[in-house]
Each structure stands twice: as C-alpha cells, then as structure tokens.
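Okay, structure first, notes after.
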Amino acid sequence: RYSRNPQQVAMKLQQNGSITQIGVPGQDKKFNLAPGTRVQFSAAGRREIHIPTSGAQRFYIYGELPELEVIDYDPILYKKKSGGERYGFSLNNALWLVSCATLAYKNEEVIYDVCRNVWDMNGAVFISNPITDTQGFCMHNDKICVVCFRGTESLKDWMTNLKFVLVNGDSIYPERYTSQGLRVHQGFFEACSGVWDQVQDFVDDAYKKFPNLKLYICGHSLGGALANLCHSFFTLSDQNPRFVSGVYTIGQPRVGNRKFKQFLEKASPKTVYIRMTNNQDIVPNLAAGQHVGTHVH
C-alpha cells in the first residue's frame, strides 16, 4: 500500500529530484532534506514546518526538539527522587511524545515531512485501517522507535469508542491471562488489532537495523487507549514480545479491567507509563475498568 511506503510519500511530494542539501541562511549549516519539503528556517536557523490552522493561532508549528531523554527506569532506584521524576517522568520526553500525538492528526505527507526533514528520523510510516478508521504513525532513528496513534476524529472512531463491552482478547493474549479474567474494551481492542501487523512490521524492521532501540508509545484520547493496548500487545503477547521503555498518553479513557491492569503492570515494572490529564476532561473517566500507569494532572 502507498501509505506503508515512505519512499512513495517522498515521490508524491515531488515527482523528480533526490535528497537536496539546503543551507541555513546566514549560517554555516547544511541539512539533507527530501524533495518537496515544507521546511522553513527560523531566524535562529531552526527547521520548522508551519501547518495552517483555524483561529487566532493561524499556524501550528513543528520544529526541532531537544534529544529525547533515554531513561533506564528502575522503580527501586528511582524511589529516592522527588515529584514526577520518581516515576520516570521527563518534561523533555513529554514534549516529544505530546508533539507526536498532535502530529498524528495530520495527513501522511505532513507526518513524513516532519519525521524525516525536521526530526531527522531514519524511517517513518503512516499506519491506517479503513474499516475502523484507525490511524497513526511509527518512526525511528538510531536510538528510539516511536509508535503513535491518532485520537477520535470521525464517526467510525466514535463507533469504536462506544463498543463498551469487555472481551478477553484471546487472539492476542495467552490463555494464562484470559483464563484468570483479563478483559479489555471491545472497540479499542478491535481498533488496535486492525493495525497491529503494520506496527509489528515497522518495529521489527527498525530493530533489525538498530537492535538497541528504545521503544516509546503515545497517543491522545482514543489514541491514548490504543497506546495502552499496544503496550499490552508488546508486553503480554507471546508473539515476538518487546520491552517498552515508555508510554505517554494524554486524556486517555479506561482500557481494561483490574486483571488487565495487574497483569500489565506486573509484566512491565521498568516501563515508564505516564497518563496525563487536563483540568476537568471527562474522557479519562469514560469506559469501565481501571487505569494503568502514573497519573500526571
């Protein structure tokens, strides 16, 4: 599929030409940028992509970010720290992963342009399932791999949200969990399962190139619920499990029951799981079950 092939995305941006070396005005700096890029340079020589938006803001800007902070979290050692750091929370990583969560709402050309030409990723792919309208993207460089899911944006997304029935998810979770009562939200499970092969393909390929990658997962609202489930797919499944370094969600609803929470937290004690909420947002209180991770309000 076209959307699974970043090279074809670059070709769509511009049908001819190759990687172009562009100098920063007034500075002795050069960047290798893909053809057809939307990149602009600020007065400080900072690469930025401006996406028009409604309202007084006019543009949403995706710019260069400080390097993501790789944290080797250990709950025992981190007990001595204070505040959010005690749970592995990093403002720098929150900035990265919240930026990813907002980018997930853009189209695939913008996503690829930002990942490749602003954030210097070695690979990026748009993930999509038209049946459930589940969307997101994955990206990686030589240090990190990020899986990010889009939140609610369409009628199909709302249909996903409203499938409140709890199911055992036995197509992913082993019998040792389902037989003890693990249950998850049907709609979220179906949506995540619908793009799971795409996520696995990309992550497996990234790890073949860079075996020591740190894996991060994120999303906003519905996307946060899918990030939670994606974490559980990597952690609880016997199908090529992977350690997840960090999960950051924004305004996510509940995903599973108490058994789901217990099994996932027991299986991933060194995963930094940060669940951020804002003011009186009602979404985190939707759906049955219990939340996973550390709540940052």
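All residue names refer to the structure tokens as shown: chains lettered A, B, ... in order, residues numbered from 1 in each chain, ligands numbered from 1 in order.
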
Requested in this report: Quick one: everything within 10 Å of Arg116 in chain A, counting only C-alpha atoms, minus sequence neighbours fewer than 2 positions away in the same chain. Send it as a list in words.
Outcome: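 The filter keeps Pro6, Ala10, Asn32, Leu33, Ala34, Thr37, Val110, Ile111, Tyr112, Asp113, Val114, Val118, Trp119, Asp120, Met121, Asn122, Gly123, Ala124, Met139, His140 and Asn141 of chain A.
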
Please write the residues from the selection above to a file, keeping N, CA and C atoms, as a short mmCIF file (atom, residue, chain, number, x, y, z; two decimals), in the first residue's frame.
```
data_model
loop_
_atom_site.label_atom_id
_atom_site.label_comp_id
_atom_site.auth_asym_id
_atom_site.auth_seq_id
_atom_site.Cartn_x
_atom_site.Cartn_y
_atom_site.Cartn_z
N PRO A 6 7.24 4.89 2.78
CA PRO A 6 7.67 6.28 2.90
C PRO A 6 8.33 6.82 1.64
N ALA A 10 7.55 10.41 -0.41
CA ALA A 10 8.50 11.42 -0.87
C ALA A 10 8.31 11.68 -2.36
N ASN A 32 20.38 17.75 4.82
CA ASN A 32 19.92 16.95 3.69
C ASN A 32 18.41 16.76 3.83
N LEU A 33 17.66 17.39 2.96
CA LEU A 33 16.20 17.36 3.05
C LEU A 33 15.60 16.67 1.84
N ALA A 34 14.50 15.94 2.07
CA ALA A 34 13.82 15.27 0.97
C ALA A 34 13.18 16.30 0.05
N THR A 37 9.90 19.30 0.39
CA THR A 37 9.64 19.53 1.81
C THR A 37 9.01 20.89 2.06
N VAL A 110 2.40 15.28 5.58
CA VAL A 110 2.92 16.15 6.64
C VAL A 110 3.69 15.32 7.67
N ILE A 111 3.12 14.17 8.04
CA ILE A 111 3.78 13.31 9.03
C ILE A 111 5.17 12.91 8.54
N TYR A 112 5.25 12.46 7.29
CA TYR A 112 6.54 12.03 6.77
C TYR A 112 7.51 13.21 6.68
N ASP A 113 7.02 14.35 6.26
CA ASP A 113 7.88 15.54 6.12
C ASP A 113 8.48 15.94 7.46
N VAL A 114 7.66 15.97 8.51
CA VAL A 114 8.15 16.34 9.84
C VAL A 114 9.15 15.30 10.35
N VAL A 118 12.51 17.33 9.76
CA VAL A 118 12.64 18.17 10.96
C VAL A 118 13.20 17.37 12.12
N TRP A 119 12.70 16.16 12.29
CA TRP A 119 13.13 15.35 13.44
C TRP A 119 14.22 14.34 13.11
N ASP A 120 14.68 14.34 11.86
CA ASP A 120 15.84 13.51 11.44
C ASP A 120 15.65 12.02 11.69
N MET A 121 14.47 11.51 11.41
CA MET A 121 14.22 10.09 11.57
C MET A 121 14.73 9.31 10.35
N ASN A 122 15.23 8.12 10.60
CA ASN A 122 15.72 7.26 9.52
C ASN A 122 14.57 6.61 8.76
N GLY A 123 13.45 6.39 9.46
CA GLY A 123 12.31 5.76 8.82
C GLY A 123 11.02 6.23 9.45
N ALA A 124 9.95 6.28 8.66
CA ALA A 124 8.64 6.66 9.17
C ALA A 124 7.59 6.02 8.29
N MET A 139 7.87 5.88 13.74
CA MET A 139 9.10 6.49 13.26
C MET A 139 10.27 5.97 14.08
N HIS A 140 11.47 6.03 13.50
CA HIS A 140 12.65 5.63 14.27
C HIS A 140 13.89 6.33 13.73
N ASN A 141 14.86 6.50 14.62
CA ASN A 141 16.22 6.86 14.21
C ASN A 141 17.14 5.76 14.73
#
```

Each range 216-254 of chain A residue no farther than 7 Å from range 174-196 of chain A, nearest pair in Å, only C-alpha atoms, as a tab-separated table:
```
residue	atom	partner	partner_atom	distance
A:Ala225	CA	A:Phe188	CA	6.8
A:Leu226	CA	A:Cys192	CA	5.7
A:Leu229	CA	A:Cys192	CA	6.9
A:Cys230	CA	A:Cys192	CA	6.8
A:Ser237	CA	A:Pro174	CA	6.4
A:Asp238	CA	A:Pro174	CA	6.9
```

Requested in this report: Would you please give, as number ranges by chain, all residues of range 29-160 of chain A that DSSP assigns to strand (DSSP E) based on the backbone?
Outcome: A: 30-33, 40-41, 47-52, 59-63, 123-129, 134-140, 144-149

Now that the selection is made, can you save its residues with N, CA and C atoms as a compact mmCIF listing (two decimals), in the first residue's frame?
```txt
# COMPACT_ATOMS: atom_id res chain seq x y z
N LYS A 30 24.22 23.01 6.99
CA LYS A 30 23.51 22.42 5.86
C LYS A 30 22.76 21.18 6.31
N PHE A 31 21.59 20.97 5.71
CA PHE A 31 20.78 19.81 6.03
C PHE A 31 20.42 19.08 4.74
N ASN A 32 20.38 17.75 4.82
CA ASN A 32 19.92 16.95 3.69
C ASN A 32 18.41 16.76 3.83
N LEU A 33 17.66 17.39 2.96
CA LEU A 33 16.20 17.36 3.05
C LEU A 33 15.60 16.67 1.84
N GLN A 40 10.80 25.35 6.64
CA GLN A 40 11.25 26.74 6.62
C GLN A 40 12.33 26.88 7.71
N PHE A 41 13.08 27.95 7.64
CA PHE A 41 14.09 28.20 8.66
C PHE A 41 13.74 29.46 9.44
N ARG A 47 14.89 24.51 11.96
CA ARG A 47 13.98 23.96 10.96
C ARG A 47 12.56 23.90 11.53
N GLU A 48 11.58 24.33 10.72
CA GLU A 48 10.20 24.35 11.15
C GLU A 48 9.29 24.03 9.97
N ILE A 49 8.16 23.41 10.26
CA ILE A 49 7.11 23.23 9.27
C ILE A 49 5.85 23.87 9.84
N HIS A 50 5.25 24.79 9.10
CA HIS A 50 4.06 25.52 9.53
C HIS A 50 2.83 24.91 8.88
N ILE A 51 1.89 24.45 9.70
CA ILE A 51 0.65 23.86 9.20
C ILE A 51 -0.48 24.83 9.49
N PRO A 52 -1.17 25.34 8.45
CA PRO A 52 -2.27 26.29 8.67
C PRO A 52 -3.35 25.68 9.56
N PHE A 59 -1.13 29.20 12.51
CA PHE A 59 -0.27 28.09 12.13
C PHE A 59 0.06 27.22 13.34
N TYR A 60 0.13 25.91 13.12
CA TYR A 60 0.69 25.01 14.12
C TYR A 60 2.10 24.70 13.65
N ILE A 61 3.09 24.89 14.50
CA ILE A 61 4.48 24.78 14.09
C ILE A 61 5.10 23.52 14.68
N TYR A 62 5.70 22.72 13.79
CA TYR A 62 6.50 21.57 14.22
C TYR A 62 7.96 21.91 13.97
N GLY A 63 8.73 21.99 15.06
CA GLY A 63 10.12 22.39 14.94
C GLY A 63 11.06 21.35 15.53
N GLY A 123 13.45 6.39 9.46
CA GLY A 123 12.31 5.76 8.82
C GLY A 123 11.02 6.23 9.45
N ALA A 124 9.95 6.28 8.66
CA ALA A 124 8.64 6.66 9.17
C ALA A 124 7.59 6.02 8.29
N VAL A 125 6.45 5.66 8.89
CA VAL A 125 5.38 5.07 8.12
C VAL A 125 4.04 5.48 8.70
N PHE A 126 3.09 5.73 7.83
CA PHE A 126 1.71 6.05 8.20
C PHE A 126 0.96 4.73 8.34
N ILE A 127 0.27 4.52 9.46
CA ILE A 127 -0.50 3.29 9.66
C ILE A 127 -1.98 3.62 9.59
N SER A 128 -2.75 2.71 8.99
CA SER A 128 -4.17 3.01 8.77
C SER A 128 -4.96 1.73 8.55
N ASN A 129 -6.18 1.71 9.08
CA ASN A 129 -7.14 0.65 8.80
C ASN A 129 -8.45 1.31 8.43
N THR A 134 -8.83 3.61 12.06
CA THR A 134 -7.71 3.75 13.00
C THR A 134 -6.49 4.26 12.23
N GLN A 135 -5.86 5.31 12.75
CA GLN A 135 -4.69 5.87 12.08
C GLN A 135 -3.62 6.24 13.10
N GLY A 136 -2.42 6.41 12.58
CA GLY A 136 -1.29 6.82 13.41
C GLY A 136 -0.03 6.75 12.57
N PHE A 137 1.10 6.71 13.24
CA PHE A 137 2.36 6.58 12.51
C PHE A 137 3.43 5.99 13.41
N CYS A 138 4.45 5.47 12.79
CA CYS A 138 5.63 4.97 13.50
C CYS A 138 6.85 5.67 12.91
N MET A 139 7.87 5.88 13.74
CA MET A 139 9.10 6.49 13.26
C MET A 139 10.27 5.97 14.08
N HIS A 140 11.47 6.03 13.50
CA HIS A 140 12.65 5.63 14.27
C HIS A 140 13.89 6.33 13.73
N ILE A 144 15.85 5.65 19.03
CA ILE A 144 14.47 5.47 19.52
C ILE A 144 13.55 5.01 18.41
N CYS A 145 12.50 4.32 18.81
CA CYS A 145 11.41 3.96 17.91
C CYS A 145 10.11 4.40 18.59
N VAL A 146 9.27 5.12 17.88
CA VAL A 146 8.03 5.66 18.45
C VAL A 146 6.83 5.14 17.66
N VAL A 147 5.83 4.66 18.39
CA VAL A 147 4.54 4.28 17.80
C VAL A 147 3.50 5.24 18.35
N CYS A 148 2.77 5.92 17.48
CA CYS A 148 1.83 6.94 17.91
C CYS A 148 0.48 6.73 17.23
N PHE A 149 -0.61 6.89 18.01
CA PHE A 149 -1.96 6.69 17.49
C PHE A 149 -2.76 7.99 17.52
```

Report task. Find, counting only C-alpha atoms, the residue in A:Asp170, A:Gly88, A:Lys106, A:Cys115 that gets nearest to Asp72 in chain A. Result ->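 Answer, going by the shortest atom-to-atom distance: A:Gly88.
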
Query raised in the report: Can you list, as a list in words, every residue of range 109-179 of chain A that DSSP puts in helix (DSSP H, G or I)?
Result: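 Taking range 109-179 of chain A and keeping helix (DSSP H, G or I) only, one gets Glu109, Val110, Ile111, Tyr112, Asp113, Val114, Cys115, Arg116, Asn117, Leu155, Lys156, Asp157, Trp158, Met159, Thr160, Asn161, Glu175, Arg176, Tyr177 and Thr178 of chain A.
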
Query - Leu215 in chain A surroundings by only C-alpha atoms, 10 Å radius, close-in-sequence under 6 positions cut, as JSON, numbers by chain - result: {"A": [70, 140, 143, 144, 145, 146, 147, 203, 207, 231, 242, 243, 244, 245, 246, 247, 271]}

Export, as a PDB file, in the first residue's frame, the selected residues with C-alpha atoms.
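New file selection12.pdb:
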```
ATOM      1  CA  VAL A  70      16.581   7.838  27.254  1.00  0.00           C
ATOM      2  CA  HIS A 140      12.650   5.630  14.266  1.00  0.00           C
ATOM      3  CA  LYS A 143      18.261   5.452  19.183  1.00  0.00           C
ATOM      4  CA  ILE A 144      14.474   5.473  19.522  1.00  0.00           C
ATOM      5  CA  CYS A 145      11.408   3.960  17.908  1.00  0.00           C
ATOM      6  CA  VAL A 146       8.031   5.658  18.446  1.00  0.00           C
ATOM      7  CA  VAL A 147       4.541   4.277  17.797  1.00  0.00           C
ATOM      8  CA  VAL A 203       9.124  -2.107  14.594  1.00  0.00           C
ATOM      9  CA  TYR A 207      15.143  -3.361  15.326  1.00  0.00           C
ATOM     10  CA  HIS A 231       1.896  -1.614  25.136  1.00  0.00           C
ATOM     11  CA  ARG A 242       9.334  -6.407  23.163  1.00  0.00           C
ATOM     12  CA  PHE A 243      10.282  -4.253  26.116  1.00  0.00           C
ATOM     13  CA  VAL A 244       8.592  -0.841  26.025  1.00  0.00           C
ATOM     14  CA  SER A 245      10.718   1.922  27.565  1.00  0.00           C
ATOM     15  CA  GLY A 246       7.940   4.466  27.891  1.00  0.00           C
ATOM     16  CA  VAL A 247       4.238   5.124  27.307  1.00  0.00           C
ATOM     17  CA  THR A 271       8.282   0.738  31.751  1.00  0.00           C
TER      18      THR A 271
END
```

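You can rank A:Gln198, A:Ser232, A:Ile274, A:Ala227 by their closest distance to Lys261 in chain A using only C-alpha atoms, and at the top of that list sits A:Ser232.
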
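With only C-alpha atoms taken into account, the protein and nucleic acid residues at most 9 Å from range 278-284 of chain A (excluding it and anything under 6 positions from it in its own chain) are Ser221, Leu222, Ile250, Gly251, Gln252, Pro253, Arg254, His291, Val296 and His297 of chain A.
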